[in-house]
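Q: Would you mind keeping the following structure in view while I ask a few things?
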Amino acid sequence: MTTPLLVQAGPDAEQTGAVGAVVASLPVSFAPAGGGPDVVALAGTAGWTASATAAVRSGVRGVVVVDPVAEDPAALAAAAAEAGSAVVLDQAWAGNPVLAESQAAVRNAISDALADAVLLDSVAWGAPGTDPETLLTRHLGAVLACGVELEGLRVIQRNANGYTVIGSLPGGAPAALQGITTSSLPATATVSVLTSSGRADITLPDSSAGWTAEVRSVTSAGAATFPSIYESAHRHSWRRLRAAIDSGAPEADLERFAALTALVGQLHDSPQ
């Protein structure tokens, strides 16, 4: 019989990641902690890597970081490896289950489109007041989670309401990323790969509920829309954490996030 792991969450993590609701939806795997927790949930605000490192060194078996801002996770990765603790990053769009490694058909469709890409176009919408750099971190995380490699990124426009970033794919095809804060649309990210004979389109919804992502592929052989997965990114992150703890096989979240942080760092001081 599976023993639930005891979970403790700070108020910021609870507010951002709906931790209590997610834990309640996975009663076989998790339960609220009354004393010493097995797992802690942290908000990914500035300093989250130090907080997560301290949690790992305190002896917890797992850490979930909700919506992390760009920070170097090297010290945390080393501490987690030494302690044998699992660390999962609960990212708004990159954590959507449609992008999981297990979704082979989706990943193959995106990979095939990237191999024949002539343009990558991606847009992220955030709520008014969202810090543009926070939106950019979420946005780049989503693009990288789709298996996209980006080169030569530079900011050509940035203000309080968003940004425009351009670059290229490894094969030389241009890439354009635009971030917009607005109240007219929910927090959503789209990634479109245009090819010589069709396209692949991924729409990633707000992670606050189990709204489904949409993945559509158009090739010379026809069009395909992939099955919907009715699970929020938050819940998927917690299921990944439980699997990582049970198997002893760490997730690659911190390794992938290091690449994301490097991209954000390159853009931070990019001239307009």
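Chain labels run A, B, ... following the order of the structure tokens; each chain numbers its residues from 1, and ligands are numbered from 1 in the order shown.
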Per residue of stretch 90-142 of chain A within 10 Å of stretch 175-185 of chain A, note the shortest atom pair and the distance in Å to one decimal, counting only C-alpha atoms, and order the rows by chain and increasing residue number, as a tab-separated table.

A:
```
residue	atom	partner	partner_atom	distance
A:Ala117	CA	A:Ala175	CA	9.9
A:Val118	CA	A:Ala175	CA	9.0
A:Leu119	CA	A:Ala175	CA	5.9
A:Leu120	CA	A:Ala175	CA	4.5
A:Asp121	CA	A:Ala176	CA	5.1
A:Ser122	CA	A:Leu177	CA	4.8
A:Val123	CA	A:Gln178	CA	4.8
A:Ala124	CA	A:Gly179	CA	4.8
A:Trp125	CA	A:Ile180	CA	4.9
A:Gly126	CA	A:Thr181	CA	4.5
A:Ala127	CA	A:Thr181	CA	5.3
A:Pro128	CA	A:Thr181	CA	5.0
A:Gly129	CA	A:Thr181	CA	7.2
A:Thr130	CA	A:Thr181	CA	6.7
A:Asp131	CA	A:Thr181	CA	8.8
A:Pro132	CA	A:Gly179	CA	7.5
A:Glu133	CA	A:Gly179	CA	9.6
A:Leu135	CA	A:Gly179	CA	7.0
A:Leu136	CA	A:Gly179	CA	6.8
A:His139	CA	A:Gly179	CA	7.7
A:Leu140	CA	A:Leu177	CA	8.6
```

Q: Include all heavy atoms and write out the residues we just selected as a short mmCIF file (atom, residue, chain, number, x, y, z; two decimals), in the first residue's frame.

A:
```
data_model
loop_
_atom_site.label_atom_id
_atom_site.label_comp_id
_atom_site.auth_asym_id
_atom_site.auth_seq_id
_atom_site.Cartn_x
_atom_site.Cartn_y
_atom_site.Cartn_z
N ALA A 117 11.61 23.50 -40.63
CA ALA A 117 11.06 24.82 -40.27
C ALA A 117 11.56 25.93 -41.19
O ALA A 117 12.74 25.95 -41.58
CB ALA A 117 11.43 25.14 -38.83
N VAL A 118 10.64 26.85 -41.52
CA VAL A 118 11.02 28.08 -42.22
C VAL A 118 10.79 29.29 -41.33
O VAL A 118 11.29 30.38 -41.61
CB VAL A 118 10.24 28.23 -43.54
CG1 VAL A 118 10.58 27.10 -44.49
CG2 VAL A 118 8.74 28.30 -43.30
N LEU A 119 10.03 29.12 -40.22
CA LEU A 119 9.78 30.22 -39.28
C LEU A 119 9.23 29.66 -37.98
O LEU A 119 8.39 28.76 -38.00
CB LEU A 119 8.77 31.20 -39.87
CG LEU A 119 8.25 32.31 -38.93
CD1 LEU A 119 9.37 33.30 -38.61
CD2 LEU A 119 7.06 33.03 -39.54
N LEU A 120 9.70 30.21 -36.87
CA LEU A 120 9.09 29.95 -35.56
C LEU A 120 8.49 31.25 -35.06
O LEU A 120 9.16 32.28 -35.00
CB LEU A 120 10.10 29.42 -34.55
CG LEU A 120 9.47 29.19 -33.17
CD1 LEU A 120 9.55 27.74 -32.77
CD2 LEU A 120 10.09 30.07 -32.10
N ASP A 121 7.20 31.19 -34.73
CA ASP A 121 6.49 32.36 -34.23
C ASP A 121 5.82 31.98 -32.91
O ASP A 121 5.08 31.00 -32.85
CB ASP A 121 5.44 32.82 -35.24
CG ASP A 121 4.66 34.03 -34.77
OD1 ASP A 121 5.29 34.97 -34.25
OD2 ASP A 121 3.43 34.05 -34.91
N SER A 122 6.08 32.74 -31.86
CA SER A 122 5.54 32.40 -30.55
C SER A 122 5.08 33.66 -29.83
O SER A 122 5.76 34.69 -29.86
CB SER A 122 6.60 31.67 -29.71
OG SER A 122 6.09 31.28 -28.46
N VAL A 123 3.92 33.56 -29.18
CA VAL A 123 3.36 34.69 -28.44
C VAL A 123 2.94 34.24 -27.05
O VAL A 123 2.37 33.14 -26.90
CB VAL A 123 2.13 35.29 -29.17
CG1 VAL A 123 1.60 36.50 -28.41
CG2 VAL A 123 2.48 35.69 -30.60
N ALA A 124 3.24 35.03 -26.04
CA ALA A 124 2.81 34.76 -24.67
C ALA A 124 1.99 35.94 -24.17
O ALA A 124 2.41 37.10 -24.31
CB ALA A 124 4.01 34.55 -23.76
N TRP A 125 0.82 35.63 -23.62
CA TRP A 125 -0.04 36.66 -23.03
C TRP A 125 -0.01 36.50 -21.51
O TRP A 125 -0.20 35.41 -20.98
CB TRP A 125 -1.48 36.51 -23.52
CG TRP A 125 -1.68 36.89 -24.96
CD1 TRP A 125 -1.96 38.14 -25.45
CD2 TRP A 125 -1.62 36.03 -26.09
NE1 TRP A 125 -2.08 38.11 -26.82
CE2 TRP A 125 -1.88 36.82 -27.24
CE3 TRP A 125 -1.37 34.66 -26.26
CZ2 TRP A 125 -1.90 36.29 -28.53
CZ3 TRP A 125 -1.39 34.13 -27.53
CH2 TRP A 125 -1.65 34.94 -28.65
N GLY A 126 0.21 37.60 -20.81
CA GLY A 126 0.20 37.60 -19.36
C GLY A 126 -0.80 38.59 -18.82
O GLY A 126 -1.23 39.51 -19.53
N ALA A 127 -1.17 38.43 -17.56
CA ALA A 127 -2.11 39.36 -16.93
C ALA A 127 -1.48 40.73 -16.77
O ALA A 127 -0.25 40.86 -16.64
CB ALA A 127 -2.53 38.81 -15.58
N PRO A 128 -2.28 41.80 -16.79
CA PRO A 128 -1.75 43.14 -16.56
C PRO A 128 -0.97 43.19 -15.24
O PRO A 128 -1.38 42.62 -14.24
CB PRO A 128 -3.00 44.01 -16.49
CG PRO A 128 -4.02 43.27 -17.29
CD PRO A 128 -3.74 41.81 -17.04
N GLY A 129 0.16 43.87 -15.27
CA GLY A 129 0.99 43.97 -14.08
C GLY A 129 2.05 42.90 -13.99
O GLY A 129 2.94 42.96 -13.12
N THR A 130 1.99 41.88 -14.86
CA THR A 130 3.02 40.85 -14.87
C THR A 130 4.35 41.47 -15.27
O THR A 130 4.44 42.18 -16.27
CB THR A 130 2.67 39.72 -15.86
OG1 THR A 130 1.41 39.16 -15.51
CG2 THR A 130 3.74 38.64 -15.84
N ASP A 131 5.39 41.21 -14.51
CA ASP A 131 6.71 41.71 -14.84
C ASP A 131 7.16 41.11 -16.17
O ASP A 131 7.11 39.89 -16.36
CB ASP A 131 7.70 41.33 -13.75
CG ASP A 131 9.11 41.78 -14.08
OD1 ASP A 131 9.36 42.99 -14.16
OD2 ASP A 131 9.97 40.89 -14.28
N PRO A 132 7.58 41.93 -17.14
CA PRO A 132 7.96 41.40 -18.45
C PRO A 132 9.05 40.34 -18.39
O PRO A 132 9.04 39.38 -19.17
CB PRO A 132 8.43 42.64 -19.22
CG PRO A 132 7.67 43.76 -18.60
CD PRO A 132 7.58 43.40 -17.15
N GLU A 133 10.00 40.47 -17.46
CA GLU A 133 11.05 39.47 -17.37
C GLU A 133 10.50 38.14 -16.85
O GLU A 133 10.93 37.06 -17.28
CB GLU A 133 12.20 39.95 -16.48
CG GLU A 133 13.38 38.98 -16.50
CD GLU A 133 14.65 39.59 -15.95
OE1 GLU A 133 14.84 40.82 -16.10
OE2 GLU A 133 15.45 38.84 -15.38
N LEU A 135 7.41 37.14 -17.38
CA LEU A 135 6.69 36.60 -18.54
C LEU A 135 7.65 35.99 -19.55
O LEU A 135 7.39 34.91 -20.10
CB LEU A 135 5.87 37.71 -19.19
CG LEU A 135 5.01 37.31 -20.39
CD1 LEU A 135 3.97 36.26 -20.00
CD2 LEU A 135 4.32 38.53 -20.99
N LEU A 136 8.77 36.64 -19.77
CA LEU A 136 9.77 36.12 -20.71
C LEU A 136 10.34 34.79 -20.23
O LEU A 136 10.55 33.87 -21.04
CB LEU A 136 10.89 37.14 -20.89
CG LEU A 136 12.05 36.73 -21.81
CD1 LEU A 136 11.54 36.44 -23.22
CD2 LEU A 136 13.12 37.82 -21.83
N HIS A 139 7.78 32.23 -20.89
CA HIS A 139 7.65 32.07 -22.33
C HIS A 139 8.79 31.23 -22.90
O HIS A 139 8.56 30.24 -23.62
CB HIS A 139 7.65 33.47 -22.96
CG HIS A 139 7.28 33.50 -24.41
ND1 HIS A 139 7.22 34.66 -25.13
CD2 HIS A 139 6.99 32.51 -25.29
CE1 HIS A 139 6.87 34.39 -26.38
NE2 HIS A 139 6.74 33.09 -26.51
N LEU A 140 10.02 31.59 -22.57
CA LEU A 140 11.16 30.82 -23.05
C LEU A 140 11.11 29.38 -22.54
O LEU A 140 11.47 28.44 -23.26
CB LEU A 140 12.47 31.49 -22.62
CG LEU A 140 12.89 32.74 -23.40
CD1 LEU A 140 14.08 33.40 -22.72
CD2 LEU A 140 13.23 32.39 -24.84
#
```

Q: Neighbouring residues of A:Pro250 were defined as those with any atom within 8 Å, considering only C-alpha atoms; residues of the same chain fewer than 6 positions away were excluded. Please report them as a tab-separated table (two decimals) with N, CA, C and O atoms, in the first residue's frame.

A:
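The new file around.tsv reads:
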```tsv
chain	number	residue	atom	x	y	z
A	85	SER	N	17.57	13.90	-2.96
A	85	SER	CA	16.24	14.50	-2.95
A	85	SER	C	15.80	14.85	-4.37
A	85	SER	O	16.63	15.16	-5.23
A	86	ALA	N	14.50	14.80	-4.61
A	86	ALA	CA	13.95	15.15	-5.91
A	86	ALA	C	13.51	16.60	-5.90
A	86	ALA	O	12.91	17.06	-4.93
A	87	VAL	N	13.81	17.31	-6.99
A	87	VAL	CA	13.37	18.69	-7.14
A	87	VAL	C	12.61	18.81	-8.45
A	87	VAL	O	13.14	18.45	-9.52
A	244	ALA	N	9.33	10.47	-9.15
A	244	ALA	CA	10.78	10.62	-8.97
A	244	ALA	C	11.22	10.11	-7.60
A	244	ALA	O	12.26	9.44	-7.46
```

Q: Once DSSP has gone over the backbone, tell me which residues of stretch 42-157 of chain A are in strand (DSSP E or B), as a count of residues only.

A: 29

Q: Where does stretch 150-264 of chain A meet stretch 22-35 of chain A within 10 Å, residue by residue, with the nearest atom pair and distance in Å to one decimal for each, counting only C-alpha atoms, listed by chain and rising number, as a Markdown table?

A:
```
| residue | atom | partner | partner_atom | distance |
| --- | --- | --- | --- | --- |
| A:Ser232 | CA | A:Val22 | CA | 9.2 |
| A:His234 | CA | A:Val22 | CA | 7.1 |
| A:Arg235 | CA | A:Val22 | CA | 5.7 |
| A:His236 | CA | A:Val22 | CA | 9.4 |
| A:Ser237 | CA | A:Val22 | CA | 9.8 |
| A:Trp238 | CA | A:Val22 | CA | 7.7 |
| A:Arg239 | CA | A:Ser29 | CA | 8.2 |
| A:Leu241 | CA | A:Ser29 | CA | 9.9 |
| A:Arg242 | CA | A:Ser29 | CA | 6.8 |
| A:Ala243 | CA | A:Ser29 | CA | 9.5 |
```

Q: Rank nothing, just name the residue among A:Ala9, A:Val215, A:Leu267, A:Leu42 nearest to A:Leu99, using only C-alpha atoms.

A: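 Nearest to A:Leu99: A:Val215.
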
Q: Considering only C-alpha atoms, tabulate each residue of stretch 126-213 of chain A that lies at most 9 Å from stretch 54-76 of chain A along with its nearest interatomic pair and the corresponding distance in Å to one decimal; arrange the rows by chain and ascending residue number and present them as a tab-separated table.

A:
```
residue	atom	partner	partner_atom	distance
A:Glu133	CA	A:Val69	CA	8.5
A:Thr134	CA	A:Val69	CA	6.3
A:Thr137	CA	A:Ala70	CA	6.5
A:Arg138	CA	A:Asp67	CA	7.8
```

Q: Would you mind exporting all heavy atoms of the selected residues as a compact mmCIF listing (two decimals), in the first residue's frame?

A:
```
# COMPACT_ATOMS: atom_id res chain seq x y z
N GLU A 133 10.00 40.47 -17.46
CA GLU A 133 11.05 39.47 -17.37
C GLU A 133 10.50 38.14 -16.85
O GLU A 133 10.93 37.06 -17.28
CB GLU A 133 12.20 39.95 -16.48
CG GLU A 133 13.38 38.98 -16.50
CD GLU A 133 14.65 39.59 -15.95
OE1 GLU A 133 14.84 40.82 -16.10
OE2 GLU A 133 15.45 38.84 -15.38
N THR A 134 9.54 38.22 -15.93
CA THR A 134 8.88 36.99 -15.46
C THR A 134 8.13 36.33 -16.60
O THR A 134 8.19 35.10 -16.79
CB THR A 134 7.91 37.32 -14.32
OG1 THR A 134 8.64 37.87 -13.21
CG2 THR A 134 7.16 36.07 -13.86
N THR A 137 10.58 34.66 -18.93
CA THR A 137 11.08 33.39 -18.40
C THR A 137 10.07 32.28 -18.62
O THR A 137 10.43 31.17 -19.06
CB THR A 137 11.40 33.53 -16.90
OG1 THR A 137 12.39 34.55 -16.71
CG2 THR A 137 11.93 32.22 -16.33
N ARG A 138 8.80 32.53 -18.33
CA ARG A 138 7.76 31.53 -18.58
C ARG A 138 7.69 31.19 -20.06
O ARG A 138 7.54 30.02 -20.45
CB ARG A 138 6.41 32.07 -18.11
CG ARG A 138 6.29 32.29 -16.62
CD ARG A 138 4.99 33.04 -16.31
NE ARG A 138 4.86 33.36 -14.89
CZ ARG A 138 4.02 34.26 -14.40
NH1 ARG A 138 3.22 34.93 -15.24
NH2 ARG A 138 3.96 34.50 -13.11
```

Q: Among stretch 33-151 of chain A, which ones does DSSP place in alpha helix (DSSP H), written as a ChimeraX atom specification?

A: /A:48-57,74-83,104-115,132-145

Q: Okay, now the selection with N, CA and C atoms, as a short mmCIF file (atom, residue, chain, number, x, y, z; two decimals), in the first residue's frame?

A:
```cif
data_model
loop_
_atom_site.label_atom_id
_atom_site.label_comp_id
_atom_site.auth_asym_id
_atom_site.auth_seq_id
_atom_site.Cartn_x
_atom_site.Cartn_y
_atom_site.Cartn_z
N TRP A 48 14.76 31.63 -4.57
CA TRP A 48 14.17 30.29 -4.42
C TRP A 48 15.23 29.18 -4.42
N THR A 49 16.31 29.38 -5.15
CA THR A 49 17.33 28.33 -5.18
C THR A 49 17.97 28.15 -3.79
N ALA A 50 18.21 29.26 -3.09
CA ALA A 50 18.78 29.16 -1.73
C ALA A 50 17.78 28.53 -0.78
N SER A 51 16.49 28.89 -0.91
CA SER A 51 15.47 28.31 -0.03
C SER A 51 15.32 26.81 -0.29
N ALA A 52 15.35 26.42 -1.56
CA ALA A 52 15.23 25.00 -1.89
C ALA A 52 16.46 24.22 -1.44
N THR A 53 17.62 24.83 -1.55
CA THR A 53 18.85 24.17 -1.08
C THR A 53 18.79 23.93 0.43
N ALA A 54 18.32 24.94 1.16
CA ALA A 54 18.17 24.79 2.62
C ALA A 54 17.17 23.69 2.95
N ALA A 55 16.09 23.59 2.20
CA ALA A 55 15.09 22.55 2.44
C ALA A 55 15.68 21.17 2.19
N VAL A 56 16.43 21.04 1.11
CA VAL A 56 17.06 19.75 0.79
C VAL A 56 18.03 19.34 1.90
N ARG A 57 18.80 20.29 2.39
CA ARG A 57 19.78 19.98 3.44
C ARG A 57 19.12 19.69 4.78
N ALA A 74 22.71 25.64 -10.10
CA ALA A 74 23.83 24.70 -9.98
C ALA A 74 24.02 24.22 -8.54
N ALA A 75 24.04 25.14 -7.57
CA ALA A 75 24.27 24.75 -6.17
C ALA A 75 23.13 23.87 -5.67
N LEU A 76 21.91 24.18 -6.06
CA LEU A 76 20.76 23.37 -5.67
C LEU A 76 20.85 21.98 -6.27
N ALA A 77 21.23 21.90 -7.53
CA ALA A 77 21.36 20.59 -8.18
C ALA A 77 22.39 19.74 -7.47
N ALA A 78 23.51 20.34 -7.08
CA ALA A 78 24.56 19.59 -6.38
C ALA A 78 24.06 19.11 -5.02
N ALA A 79 23.37 19.97 -4.29
CA ALA A 79 22.85 19.59 -2.97
C ALA A 79 21.81 18.50 -3.08
N ALA A 80 20.93 18.58 -4.08
CA ALA A 80 19.89 17.56 -4.26
C ALA A 80 20.50 16.22 -4.63
N ALA A 81 21.52 16.24 -5.49
CA ALA A 81 22.19 14.99 -5.86
C ALA A 81 22.87 14.35 -4.67
N GLU A 82 23.50 15.16 -3.83
CA GLU A 82 24.19 14.64 -2.64
C GLU A 82 23.20 14.05 -1.64
N ALA A 83 22.04 14.71 -1.48
CA ALA A 83 21.05 14.26 -0.50
C ALA A 83 20.11 13.19 -1.05
N ALA A 104 4.84 10.80 -26.96
CA ALA A 104 5.73 10.60 -28.11
C ALA A 104 5.16 11.14 -29.40
N ALA A 105 3.86 10.96 -29.63
CA ALA A 105 3.27 11.42 -30.89
C ALA A 105 3.36 12.93 -31.02
N VAL A 106 3.08 13.64 -29.93
CA VAL A 106 3.16 15.10 -29.95
C VAL A 106 4.60 15.54 -30.18
N ARG A 107 5.51 14.97 -29.45
CA ARG A 107 6.91 15.38 -29.56
C ARG A 107 7.46 15.06 -30.95
N ASN A 108 7.05 13.94 -31.53
CA ASN A 108 7.51 13.60 -32.88
C ASN A 108 6.96 14.59 -33.91
N ALA A 109 5.70 15.01 -33.75
CA ALA A 109 5.11 15.96 -34.68
C ALA A 109 5.85 17.30 -34.62
N ILE A 110 6.18 17.75 -33.40
CA ILE A 110 6.91 19.01 -33.26
C ILE A 110 8.32 18.87 -33.83
N SER A 111 8.96 17.74 -33.53
CA SER A 111 10.33 17.49 -34.02
C SER A 111 10.37 17.47 -35.54
N ASP A 112 9.38 16.81 -36.16
CA ASP A 112 9.34 16.75 -37.62
C ASP A 112 9.16 18.15 -38.21
N ALA A 113 8.32 18.97 -37.58
CA ALA A 113 8.12 20.33 -38.07
C ALA A 113 9.41 21.15 -37.93
N LEU A 114 10.10 21.01 -36.82
CA LEU A 114 11.34 21.76 -36.61
C LEU A 114 12.41 21.37 -37.63
N ALA A 115 12.41 20.12 -38.04
CA ALA A 115 13.41 19.67 -39.02
C ALA A 115 13.22 20.33 -40.38
N PRO A 132 7.58 41.93 -17.14
CA PRO A 132 7.96 41.40 -18.45
C PRO A 132 9.05 40.34 -18.39
N GLU A 133 10.00 40.47 -17.46
CA GLU A 133 11.05 39.47 -17.37
C GLU A 133 10.50 38.14 -16.85
N THR A 134 9.54 38.22 -15.93
CA THR A 134 8.88 36.99 -15.46
C THR A 134 8.13 36.33 -16.60
N LEU A 135 7.41 37.14 -17.38
CA LEU A 135 6.69 36.60 -18.54
C LEU A 135 7.65 35.99 -19.55
N LEU A 136 8.77 36.64 -19.77
CA LEU A 136 9.77 36.12 -20.71
C LEU A 136 10.34 34.79 -20.23
N THR A 137 10.58 34.66 -18.93
CA THR A 137 11.08 33.39 -18.40
C THR A 137 10.07 32.28 -18.62
N ARG A 138 8.80 32.53 -18.33
CA ARG A 138 7.76 31.53 -18.58
C ARG A 138 7.69 31.19 -20.06
N HIS A 139 7.78 32.23 -20.89
CA HIS A 139 7.65 32.07 -22.33
C HIS A 139 8.79 31.23 -22.90
N LEU A 140 10.02 31.59 -22.57
CA LEU A 140 11.16 30.82 -23.05
C LEU A 140 11.11 29.38 -22.54
N GLY A 141 10.65 29.21 -21.30
CA GLY A 141 10.52 27.85 -20.76
C GLY A 141 9.57 27.02 -21.61
N ALA A 142 8.47 27.63 -22.04
CA ALA A 142 7.51 26.91 -22.88
C ALA A 142 8.11 26.54 -24.21
N VAL A 143 8.82 27.48 -24.84
CA VAL A 143 9.42 27.22 -26.15
C VAL A 143 10.46 26.10 -26.04
N LEU A 144 11.32 26.16 -25.03
CA LEU A 144 12.33 25.13 -24.86
C LEU A 144 11.70 23.77 -24.56
N ALA A 145 10.60 23.77 -23.80
CA ALA A 145 9.92 22.51 -23.48
C ALA A 145 9.32 21.85 -24.72
#
```

Q: Set the distance at 8 Å and use only C-alpha atoms: which residues neighbour stretch 210-214 of chain A once local chain neighbours fewer than 3 positions away are removed? I'd like the list as a ChimeraX atom specification.

A: /A:96,98,201-207,225-226,228-233

Q: Can you tell me how far atom CA of A:Gly162 sits from atom CA of A:Val191, in Å to one decimal?

A: 16.9 Å

Q: To one decimal place, how far is atom CA of A:Leu6 from atom CA of A:Leu89 in Å?

A: 18.3 Å

Q: Determine the nearest neighbour of A:Gly167 from the options A:Gly84, A:Gly222, A:Pro4, A:Gly152, counting only C-alpha atoms.

A: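 Result for the nearest residue to A:Gly167: A:Gly152.
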
Q: Nearest to A:Ala223: which of A:Arg158, A:His268, A:Arg256, A:Arg199 is it, counting only C-alpha atoms?

A: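 For A:Ala223, the nearest of the given residues is A:Arg199.
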
Q: For A:Ala224, which residue out of A:Val7, A:Leu254, A:Ala200, A:Ala173 is the nearest one, using only C-alpha atoms?

A: A:Ala200
